[in-house]
file entry.txt (compact mmCIF, C-alpha atoms and all ligand atoms)
# COMPACT_ATOMS: atom_id res chain seq x y z
CA MET K 1006 116.46 111.79 -139.42
CA THR K 1007 117.71 114.19 -136.80
CA HIS K 1008 119.88 113.17 -133.91
CA ALA K 1009 117.82 112.77 -130.76
CA THR K 1010 117.80 110.41 -127.82
CA ARG K 1011 114.69 108.20 -127.64
CA THR K 1012 113.16 107.88 -124.20
CA ASP K 1013 109.91 106.72 -122.68
CA GLY K 1014 107.35 109.48 -122.99
CA PRO K 1015 104.83 110.47 -120.30
CA ARG K 1016 102.19 108.08 -121.68
CA GLY K 1017 104.59 105.20 -122.13
CA GLY K 1018 105.12 105.96 -125.83
CA LEU K 1019 108.43 107.01 -127.34
CA THR K 1020 109.26 110.73 -127.59
CA ALA K 1021 112.37 112.31 -129.03
CA THR K 1022 114.43 114.26 -126.49
CA PRO K 1023 116.69 116.80 -128.16
CA THR K 1024 120.43 116.56 -127.56
CA TYR K 1025 122.23 119.50 -125.94
CA LEU K 1026 126.02 119.58 -125.94
CA VAL K 1027 128.13 122.30 -124.32
CA MET K 1028 131.63 123.18 -125.55
CA LEU K 1029 133.94 124.48 -122.82
CA GLY K 1030 137.42 125.90 -123.08
CA ALA K 1031 139.43 129.09 -122.81
CA PRO K 1032 139.20 131.70 -125.56
CA GLY K 1033 141.16 130.24 -128.49
CA ALA K 1034 140.90 126.61 -127.37
CA GLY K 1035 139.07 125.63 -130.56
CA LYS K 1036 135.44 125.60 -129.38
CA GLY K 1037 134.07 127.32 -132.48
CA THR K 1038 136.10 125.17 -134.85
CA GLN K 1039 135.01 121.96 -133.17
CA SER K 1040 131.39 122.89 -132.49
CA LEU K 1041 130.74 123.41 -136.21
CA ARG K 1042 132.22 120.00 -136.99
CA LEU K 1043 130.25 118.24 -134.24
CA ALA K 1044 127.02 119.99 -135.20
CA GLU K 1045 127.40 118.92 -138.81
CA ARG K 1046 128.22 115.30 -137.98
CA LEU K 1047 125.52 114.97 -135.31
CA GLU K 1048 122.88 117.03 -137.16
CA LEU K 1049 122.57 119.56 -134.36
CA LEU K 1050 122.33 123.36 -134.52
CA PRO K 1051 125.55 125.19 -133.62
CA VAL K 1052 124.85 128.25 -131.43
CA SER K 1053 127.72 130.58 -130.55
CA THR K 1054 126.98 133.51 -128.25
CA GLY K 1055 130.12 135.28 -129.52
CA ASP K 1056 128.84 134.95 -133.11
CA LEU K 1057 125.38 136.21 -132.07
CA PHE K 1058 126.92 139.26 -130.39
CA ARG K 1059 129.27 139.99 -133.33
CA ALA K 1060 126.37 139.67 -135.78
CA ALA K 1061 124.42 142.22 -133.72
CA LEU K 1062 127.41 144.58 -133.77
CA ARG K 1063 127.76 144.25 -137.53
CA GLU K 1064 124.06 144.79 -138.15
CA GLY K 1065 123.77 147.61 -135.59
CA THR K 1066 120.72 146.10 -133.87
CA PRO K 1067 119.61 147.40 -130.42
CA LEU K 1068 121.54 144.50 -128.85
CA ALA K 1069 124.74 146.02 -130.29
CA THR K 1070 124.37 149.07 -128.03
CA GLU K 1071 124.06 146.79 -125.01
CA VAL K 1072 127.06 144.58 -125.73
CA ARG K 1073 129.60 146.62 -127.73
CA LYS K 1074 131.75 147.87 -124.88
CA TYR K 1075 132.07 144.40 -123.41
CA VAL K 1076 132.69 142.37 -126.57
CA GLU K 1077 135.31 144.71 -128.01
CA LYS K 1078 137.31 144.68 -124.76
CA GLY K 1079 136.97 140.94 -124.18
CA VAL K 1080 134.90 141.43 -121.02
CA LEU K 1081 131.95 139.12 -120.37
CA VAL K 1082 128.57 140.58 -121.31
CA PRO K 1083 126.37 140.82 -118.16
CA ASP K 1084 124.47 137.61 -117.41
CA PRO K 1085 120.93 139.07 -117.81
CA VAL K 1086 121.67 140.23 -121.36
CA THR K 1087 123.40 136.97 -122.34
CA LEU K 1088 120.63 134.87 -120.83
CA ARG K 1089 117.94 136.80 -122.67
CA VAL K 1090 119.73 136.25 -126.00
CA VAL K 1091 120.31 132.52 -125.42
CA GLU K 1092 116.83 131.82 -124.07
CA GLU K 1093 115.32 133.45 -127.15
CA ARG K 1094 117.62 131.53 -129.48
CA LEU K 1095 116.92 128.15 -127.87
CA ARG K 1096 113.18 128.73 -128.24
CA GLN K 1097 113.44 129.04 -132.04
CA PRO K 1098 112.06 126.05 -133.98
CA ASP K 1099 115.44 125.18 -135.54
CA ALA K 1100 116.90 124.71 -132.03
CA LEU K 1101 114.26 122.31 -130.79
CA ARG K 1102 115.94 119.22 -132.23
CA GLY K 1103 119.15 119.88 -130.28
CA VAL K 1104 122.07 122.26 -130.08
CA VAL K 1105 125.84 122.47 -129.70
CA LEU K 1106 126.48 125.50 -127.50
CA ASP K 1107 129.79 127.29 -128.09
CA GLY K 1108 130.84 130.01 -125.64
CA PHE K 1109 127.84 129.52 -123.37
CA PRO K 1110 127.54 129.04 -120.44
CA ARG K 1111 130.52 131.06 -119.29
CA THR K 1112 129.50 131.72 -115.67
CA ARG K 1113 127.93 129.61 -112.95
CA VAL K 1114 124.78 131.76 -113.11
CA GLN K 1115 124.50 131.03 -116.84
CA ALA K 1116 125.03 127.30 -116.28
CA GLU K 1117 122.28 127.19 -113.67
CA ALA K 1118 119.93 129.20 -115.90
CA LEU K 1119 120.58 126.80 -118.79
CA ASP K 1120 119.79 123.84 -116.55
CA GLY K 1121 116.52 125.55 -115.63
CA GLN K 1122 115.54 126.25 -119.22
CA LEU K 1123 116.36 122.72 -120.35
CA THR K 1124 114.46 121.21 -117.42
CA ARG K 1125 111.41 123.19 -118.55
CA LEU K 1126 111.90 121.67 -122.02
CA GLY K 1127 112.18 118.20 -120.49
CA ALA K 1128 115.85 117.96 -121.45
CA ARG K 1129 119.35 118.29 -119.96
CA VAL K 1130 122.95 118.84 -121.02
CA ALA K 1131 124.10 115.43 -122.32
CA ALA K 1132 127.80 116.30 -122.25
CA ALA K 1133 130.05 119.26 -121.50
CA LEU K 1134 133.12 118.83 -123.72
CA TYR K 1135 136.10 120.68 -122.26
CA ILE K 1136 138.95 121.40 -124.69
CA GLU K 1137 142.14 121.95 -122.70
CA VAL K 1138 144.97 124.02 -124.22
CA ASP K 1139 147.87 125.67 -122.37
CA THR K 1140 148.21 129.46 -122.24
CA PRO K 1141 151.16 129.95 -124.66
CA GLU K 1142 149.25 127.99 -127.31
CA LEU K 1143 146.05 129.95 -126.60
CA VAL K 1144 147.96 133.20 -127.17
CA ARG K 1145 149.37 131.83 -130.42
CA ARG K 1146 145.92 130.75 -131.62
CA LEU K 1147 144.20 134.01 -130.66
CA SER K 1148 146.85 136.29 -132.14
CA GLY K 1149 146.92 134.36 -135.45
CA ARG K 1150 143.13 134.01 -135.75
CA ARG K 1151 141.47 135.78 -138.68
CA VAL K 1152 137.70 135.81 -139.14
CA CYS K 1153 135.68 136.31 -142.29
CA THR K 1154 133.46 139.39 -142.30
CA GLY K 1155 130.61 137.50 -144.04
CA PRO K 1156 127.58 136.38 -142.00
CA ALA K 1157 128.98 132.86 -141.38
CA GLN K 1158 132.16 134.27 -139.70
CA HIS K 1159 134.40 131.46 -141.05
CA VAL K 1160 137.55 131.10 -138.95
CA TYR K 1161 141.17 130.89 -140.18
CA HIS K 1162 144.61 130.91 -138.62
CA LEU K 1163 147.66 132.53 -140.18
CA ASP K 1164 149.80 129.43 -139.46
CA SER K 1165 147.54 126.41 -138.92
CA ARG K 1166 144.69 127.23 -141.31
CA PRO K 1167 145.74 130.00 -143.70
CA PRO K 1168 143.35 131.11 -146.47
CA ARG K 1169 144.40 130.29 -150.06
CA VAL K 1170 144.56 134.02 -150.86
CA ALA K 1171 145.80 136.33 -148.12
CA ASP K 1172 142.99 138.12 -146.26
CA VAL K 1173 140.21 136.55 -148.39
CA CYS K 1174 137.76 133.88 -147.17
CA ASP K 1175 138.11 130.64 -149.21
CA ILE K 1176 134.40 129.92 -148.78
CA ASP K 1177 132.54 133.16 -149.50
CA GLY K 1178 135.24 135.58 -150.71
CA SER K 1179 134.67 138.05 -147.84
CA THR K 1180 137.57 140.01 -146.40
CA LEU K 1181 139.26 138.46 -143.37
CA GLU K 1182 139.96 140.59 -140.33
CA GLN K 1183 141.46 140.32 -136.89
CA ARG K 1184 138.84 140.54 -134.16
CA PRO K 1185 139.39 143.64 -131.97
CA ASP K 1186 139.51 141.37 -128.91
CA ASP K 1187 142.24 139.23 -130.51
CA ARG K 1188 144.76 142.09 -130.56
CA ALA K 1189 147.88 141.46 -128.51
CA GLU K 1190 147.03 144.12 -125.92
CA THR K 1191 143.60 142.55 -125.18
CA ILE K 1192 144.48 138.85 -125.13
CA GLN K 1193 146.16 138.58 -121.71
CA ALA K 1194 143.50 140.66 -119.95
CA ARG K 1195 140.79 138.61 -121.61
CA LEU K 1196 142.28 135.31 -120.50
CA ALA K 1197 142.82 136.63 -116.96
CA ARG K 1198 139.20 137.78 -116.69
CA GLN K 1199 137.49 134.89 -118.43
CA LEU K 1200 139.32 131.86 -117.05
CA PRO K 1201 138.17 132.03 -113.38
CA PRO K 1202 134.42 131.98 -114.22
CA MET K 1203 135.07 129.26 -116.81
CA TYR K 1204 136.63 127.03 -114.13
CA GLU K 1205 133.42 127.43 -112.09
CA VAL K 1206 131.43 126.22 -115.10
CA VAL K 1207 133.81 123.27 -115.48
CA ASP K 1208 133.16 122.41 -111.80
CA HIS K 1209 129.42 122.76 -112.33
CA TYR K 1210 129.42 120.11 -115.06
CA ALA K 1211 131.91 117.89 -113.21
CA ASN K 1212 129.49 117.87 -110.26
CA ALA K 1213 126.65 117.01 -112.65
CA GLY K 1214 128.70 114.04 -113.92
CA VAL K 1215 128.67 115.13 -117.58
CA LEU K 1216 132.14 116.71 -117.95
CA HIS K 1217 134.58 115.22 -120.49
CA ALA K 1218 138.01 116.81 -120.93
CA VAL K 1219 140.05 116.39 -124.11
CA ALA K 1220 143.58 117.51 -124.90
CA GLY K 1221 143.19 120.34 -127.42
CA ASP K 1222 146.84 120.80 -128.38
CA ARG K 1223 146.58 118.32 -131.25
CA PRO K 1224 145.58 118.55 -134.91
CA VAL K 1225 141.97 119.64 -135.46
CA ASP K 1226 140.91 116.25 -136.92
CA ASP K 1227 142.26 114.34 -133.91
CA VAL K 1228 140.37 116.56 -131.49
CA THR K 1229 137.18 116.17 -133.55
CA ALA K 1230 137.49 112.37 -133.55
CA GLU K 1231 137.78 112.24 -129.78
CA LEU K 1232 134.93 114.70 -129.24
CA LEU K 1233 132.67 112.69 -131.55
CA ARG K 1234 133.49 109.51 -129.69
CA LEU K 1235 132.63 111.15 -126.36
CA ALA K 1236 129.46 112.76 -127.73
CA ASP K 1237 128.29 109.45 -129.21
CA ARG K 1238 128.86 107.68 -125.91
CA ALA K 1239 127.13 110.41 -123.88
CA THR K 1240 124.10 110.41 -126.16
CA GLY K 1241 123.83 106.64 -126.31
CA ARG K 1242 124.76 106.32 -129.98
CA SER K 1243 127.59 103.91 -129.32
P1 LIG K 1301 137.44 129.45 -129.67
O1 LIG K 1301 136.11 129.36 -130.36
O2 LIG K 1301 137.58 128.47 -128.55
O3 LIG K 1301 137.81 130.84 -129.26
P2 LIG K 1301 138.53 128.90 -132.36
O4 LIG K 1301 137.81 127.68 -132.80
O5 LIG K 1301 138.11 130.20 -132.96
O6 LIG K 1301 138.55 128.99 -130.74
O7 LIG K 1301 140.09 128.64 -132.62
C1 LIG K 1301 141.05 129.67 -132.30
C2 LIG K 1301 142.11 129.70 -133.41
O8 LIG K 1301 142.90 128.53 -133.34
C3 LIG K 1301 141.53 129.77 -134.83
O9 LIG K 1301 142.36 130.60 -135.61
C4 LIG K 1301 141.58 128.30 -135.30
O10 LIG K 1301 141.74 128.22 -136.72
C5 LIG K 1301 142.81 127.77 -134.56
N1 LIG K 1301 142.66 126.38 -134.15
C6 LIG K 1301 141.57 125.76 -133.67
N2 LIG K 1301 141.82 124.47 -133.34
C7 LIG K 1301 143.15 124.28 -133.61
C8 LIG K 1301 144.04 123.15 -133.49
N3 LIG K 1301 143.63 121.96 -133.01
N4 LIG K 1301 145.33 123.33 -133.85
C9 LIG K 1301 145.77 124.52 -134.32
N5 LIG K 1301 144.98 125.61 -134.47
C10 LIG K 1301 143.69 125.50 -134.11
P1 LIG K 1302 133.80 134.34 -128.22
O1 LIG K 1302 133.50 134.49 -129.68
O2 LIG K 1302 133.16 133.13 -127.61
O3 LIG K 1302 135.27 134.46 -127.90
O4 LIG K 1302 133.07 135.58 -127.49
C1 LIG K 1302 133.43 136.90 -127.82
C2 LIG K 1302 132.96 137.84 -126.72
O5 LIG K 1302 131.52 137.82 -126.63
C3 LIG K 1302 133.43 137.51 -125.30
O6 LIG K 1302 134.75 137.99 -125.04
C4 LIG K 1302 132.38 138.24 -124.47
O7 LIG K 1302 132.57 139.64 -124.49
C5 LIG K 1302 131.11 137.95 -125.28
N1 LIG K 1302 130.48 136.68 -124.87
C6 LIG K 1302 130.36 135.56 -125.63
N2 LIG K 1302 129.72 134.60 -124.96
C7 LIG K 1302 129.44 135.11 -123.73
C8 LIG K 1302 128.80 134.60 -122.57
N3 LIG K 1302 128.32 133.34 -122.52
N4 LIG K 1302 128.69 135.41 -121.48
C9 LIG K 1302 129.15 136.66 -121.52
N5 LIG K 1302 129.78 137.21 -122.57
C10 LIG K 1302 129.92 136.44 -123.68
call {"tool": "encode", "arguments": {"input": "entry.txt", "output": "structure tokens"}}
result
Amino acid sequence: MTHATRTDGPRGGLTATPTYLVMLGAPGAGKGTQSLRLAERLELLPVSTGDLFRAALREGTPLATEVRKYVEKGVLVPDPVTLRVVEERLRQPDALRGVVLDGFPRTRVQAEALDGQLTRLGARVAAALYIEVDTPELVRRLSGRRVCTGPAQHVYHLDSRPPRVADVCDIDGSTLEQRPDDRAETIQARLARQLPPMYEVVDHYANAGVLHAVAGDRPVDDVTAELLRLADRATGRS
């Protein structure tokens, strides 16, 4: 049984409306970490635009040529490219039962485009979950983050979630590496560039009445518990 909200269908019967959740937060706030946990618990598909772009870079697909210079410097990929990638991904059959979006939307244009696509699917964003973390902690999280080079891109932290063996992924044995955009010289510029458009997206969902903010400077399990509670309430499961 997948997680979907039951509503009255056009002919009075019951149809399943897929659940769409959006994770918001600055780079390093814990969106990726939490979206995987929520997706597993709620039986939704996690979709991370950052992961999609990094996979393209690793595989050297045509998309890599379009996005490399932006992703490696921590600059937002232009909206038309990002929207094309997300629209395609959300049309895939595995996304039709509902999705947790991590790292998208990141601009007001993207948020409006997502609304449009979901309206065409007869759906809407059920909740935008905003993980708030202050800047010194973001810098600490980004500079200590290490990511597995396997396809699943498992995420570690040198202090808060170290691998059992240095530089080796516990789950698939791949080498861990620091993302180029997590290097000290890129972090501040990335935060400075990416926070203003993110605040516009936060406003967008506040105006839509679906924004829920949680304090992210707590242990991972505590943040997950609160997010699950909010997601359950927003989707009518509790
Ligand atoms: P984002 O997807 O928002 O950029 P991540 O989920 O990749 O953030 O988390 C950034 C880093 O912080 C990772 O190294 C992760 O292991 C670590 N992290 C995530 N949540 C917490 C937390 N609640 N406490 C401490 N470290 C965390
Ligand atoms: P993330 O893994 O979410 O930190 O994303 C890594 C990088 O991918 C960002 O710094 C951007 O260059 C790019 N990116 C990810 N998501 C988006 C988006 N929604 N819009 C534009 N660029 C994005």
call {"tool": "residues_around", "arguments": {"input": "entry.txt", "residues": "region 1105-1108 of chain K", "least_positions_apart": "4", "cutoff": "8 Å", "atoms": "all atoms listed in the file", "output": "list in words"}}
result
Tyr1025, Leu1026, Val1027, Met1028, Leu1029, Lys1036, Gly1037, Ser1040, Leu1043, Ala1044, Leu1049, Leu1050, Pro1051, Val1052, Ser1053, Thr1054 and Gly1055 of chain K
call {"tool": "closest_residue", "arguments": {"input": "entry.txt", "among": "K:Pro1032, K:Pro1201, K:Pro1023, K:Gly1221", "to": "ligand LIG 1302 (chain K)", "atoms": "all atoms listed in the file"}}
result
K:Pro1032
call {"tool": "residues_near_ligand", "arguments": {"input": "entry.txt", "ligand": "ligand LIG 1302 (chain K)", "cutoff": "9 Å", "atoms": "all atoms listed in the file", "output": "PyMOL selection string"}}
result
chain K and resi 1031-1033+1036-1037+1053-1059+1072-1084+1086-1088+1091+1107-1112+1115+1186-1187+1195+1199
call {"tool": "write_last_selection", "arguments": {"input": "entry.txt", "atoms": "C-alpha atoms", "output": "CSV table (one decimal), keeping the file's coordinate frame"}}
result
chain,number,residue,atom,x,y,z
K,1031,ALA,CA,139.4,129.1,-122.8
K,1032,PRO,CA,139.2,131.7,-125.6
K,1033,GLY,CA,141.2,130.2,-128.5
K,1036,LYS,CA,135.4,125.6,-129.4
K,1037,GLY,CA,134.1,127.3,-132.5
K,1053,SER,CA,127.7,130.6,-130.6
K,1054,THR,CA,127.0,133.5,-128.2
K,1055,GLY,CA,130.1,135.3,-129.5
K,1056,ASP,CA,128.8,135.0,-133.1
K,1057,LEU,CA,125.4,136.2,-132.1
K,1058,PHE,CA,126.9,139.3,-130.4
K,1059,ARG,CA,129.3,140.0,-133.3
K,1072,VAL,CA,127.1,144.6,-125.7
K,1073,ARG,CA,129.6,146.6,-127.7
K,1074,LYS,CA,131.8,147.9,-124.9
K,1075,TYR,CA,132.1,144.4,-123.4
K,1076,VAL,CA,132.7,142.4,-126.6
K,1077,GLU,CA,135.3,144.7,-128.0
K,1078,LYS,CA,137.3,144.7,-124.8
K,1079,GLY,CA,137.0,140.9,-124.2
K,1080,VAL,CA,134.9,141.4,-121.0
K,1081,LEU,CA,132.0,139.1,-120.4
K,1082,VAL,CA,128.6,140.6,-121.3
K,1083,PRO,CA,126.4,140.8,-118.2
K,1084,ASP,CA,124.5,137.6,-117.4
K,1086,VAL,CA,121.7,140.2,-121.4
K,1087,THR,CA,123.4,137.0,-122.3
K,1088,LEU,CA,120.6,134.9,-120.8
K,1091,VAL,CA,120.3,132.5,-125.4
K,1107,ASP,CA,129.8,127.3,-128.1
K,1108,GLY,CA,130.8,130.0,-125.6
K,1109,PHE,CA,127.8,129.5,-123.4
K,1110,PRO,CA,127.5,129.0,-120.4
K,1111,ARG,CA,130.5,131.1,-119.3
K,1112,THR,CA,129.5,131.7,-115.7
K,1115,GLN,CA,124.5,131.0,-116.8
K,1186,ASP,CA,139.5,141.4,-128.9
K,1187,ASP,CA,142.2,139.2,-130.5
K,1195,ARG,CA,140.8,138.6,-121.6
K,1199,GLN,CA,137.5,134.9,-118.4
call {"tool": "atom_distance", "arguments": {"input": "entry.txt", "atom1": "atom O4 of ligand LIG 1301 (chain K)", "atom2": "CA of Val1138 (chain K)"}}
result
11.8 Å
call {"tool": "atom_distance", "arguments": {"input": "entry.txt", "atom1": "CA of Val1207 (chain K)", "atom2": "CA of Tyr1135 (chain K)"}}
result
7.6 Å
call {"tool": "build_atoms", "arguments": {"input": "entry.txt", "residues": "region 1150-1161 of chain K", "atoms": "N, CA, C and O atoms", "output": "PDB file, in the frame of the given file"}}
result
ATOM      1  N   ARG K1150     144.484 134.255-135.230  1.00  0.00           N
ATOM      2  CA  ARG K1150     143.130 134.010-135.750  1.00  0.00           C
ATOM      3  C   ARG K1150     142.689 135.148-136.668  1.00  0.00           C
ATOM      4  O   ARG K1150     142.890 136.325-136.372  1.00  0.00           O
ATOM      5  N   ARG K1151     142.088 134.795-137.775  1.00  0.00           N
ATOM      6  CA  ARG K1151     141.470 135.780-138.680  1.00  0.00           C
ATOM      7  C   ARG K1151     140.066 135.275-138.980  1.00  0.00           C
ATOM      8  O   ARG K1151     139.854 134.075-139.159  1.00  0.00           O
ATOM      9  N   VAL K1152     139.106 136.197-139.010  1.00  0.00           N
ATOM     10  CA  VAL K1152     137.700 135.810-139.140  1.00  0.00           C
ATOM     11  C   VAL K1152     137.102 136.496-140.350  1.00  0.00           C
ATOM     12  O   VAL K1152     137.356 137.686-140.607  1.00  0.00           O
ATOM     13  N   CYS K1153     136.298 135.743-141.092  1.00  0.00           N
ATOM     14  CA  CYS K1153     135.680 136.310-142.290  1.00  0.00           C
ATOM     15  C   CYS K1153     134.570 137.258-141.879  1.00  0.00           C
ATOM     16  O   CYS K1153     133.883 137.056-140.880  1.00  0.00           O
ATOM     17  N   THR K1154     134.432 138.342-142.635  1.00  0.00           N
ATOM     18  CA  THR K1154     133.460 139.390-142.300  1.00  0.00           C
ATOM     19  C   THR K1154     132.080 139.080-142.883  1.00  0.00           C
ATOM     20  O   THR K1154     131.157 139.869-142.722  1.00  0.00           O
ATOM     21  N   GLY K1155     131.926 137.925-143.558  1.00  0.00           N
ATOM     22  CA  GLY K1155     130.610 137.500-144.040  1.00  0.00           C
ATOM     23  C   GLY K1155     129.768 136.996-142.872  1.00  0.00           C
ATOM     24  O   GLY K1155     130.282 136.816-141.764  1.00  0.00           O
ATOM     25  N   PRO K1156     128.478 136.764-143.105  1.00  0.00           N
ATOM     26  CA  PRO K1156     127.580 136.380-142.000  1.00  0.00           C
ATOM     27  C   PRO K1156     127.972 135.076-141.305  1.00  0.00           C
ATOM     28  O   PRO K1156     127.701 134.903-140.124  1.00  0.00           O
ATOM     29  N   ALA K1157     128.646 134.149-142.011  1.00  0.00           N
ATOM     30  CA  ALA K1157     128.980 132.860-141.380  1.00  0.00           C
ATOM     31  C   ALA K1157     130.217 132.953-140.486  1.00  0.00           C
ATOM     32  O   ALA K1157     130.497 132.032-139.727  1.00  0.00           O
ATOM     33  N   GLN K1158     130.987 134.053-140.577  1.00  0.00           N
ATOM     34  CA  GLN K1158     132.160 134.270-139.700  1.00  0.00           C
ATOM     35  C   GLN K1158     133.127 133.078-139.720  1.00  0.00           C
ATOM     36  O   GLN K1158     133.553 132.581-138.673  1.00  0.00           O
ATOM     37  N   HIS K1159     133.451 132.591-140.934  1.00  0.00           N
ATOM     38  CA  HIS K1159     134.400 131.460-141.050  1.00  0.00           C
ATOM     39  C   HIS K1159     135.732 131.837-140.393  1.00  0.00           C
ATOM     40  O   HIS K1159     136.180 132.976-140.507  1.00  0.00           O
ATOM     41  N   VAL K1160     136.356 130.832-139.767  1.00  0.00           N
ATOM     42  CA  VAL K1160     137.550 131.100-138.950  1.00  0.00           C
ATOM     43  C   VAL K1160     138.802 130.508-139.597  1.00  0.00           C
ATOM     44  O   VAL K1160     138.800 129.359-140.049  1.00  0.00           O
ATOM     45  N   TYR K1161     139.867 131.304-139.622  1.00  0.00           N
ATOM     46  CA  TYR K1161     141.170 130.890-140.180  1.00  0.00           C
ATOM     47  C   TYR K1161     142.252 131.130-139.141  1.00  0.00           C
ATOM     48  O   TYR K1161     142.014 131.775-138.116  1.00  0.00           O
TER      49      TYR K1161
END
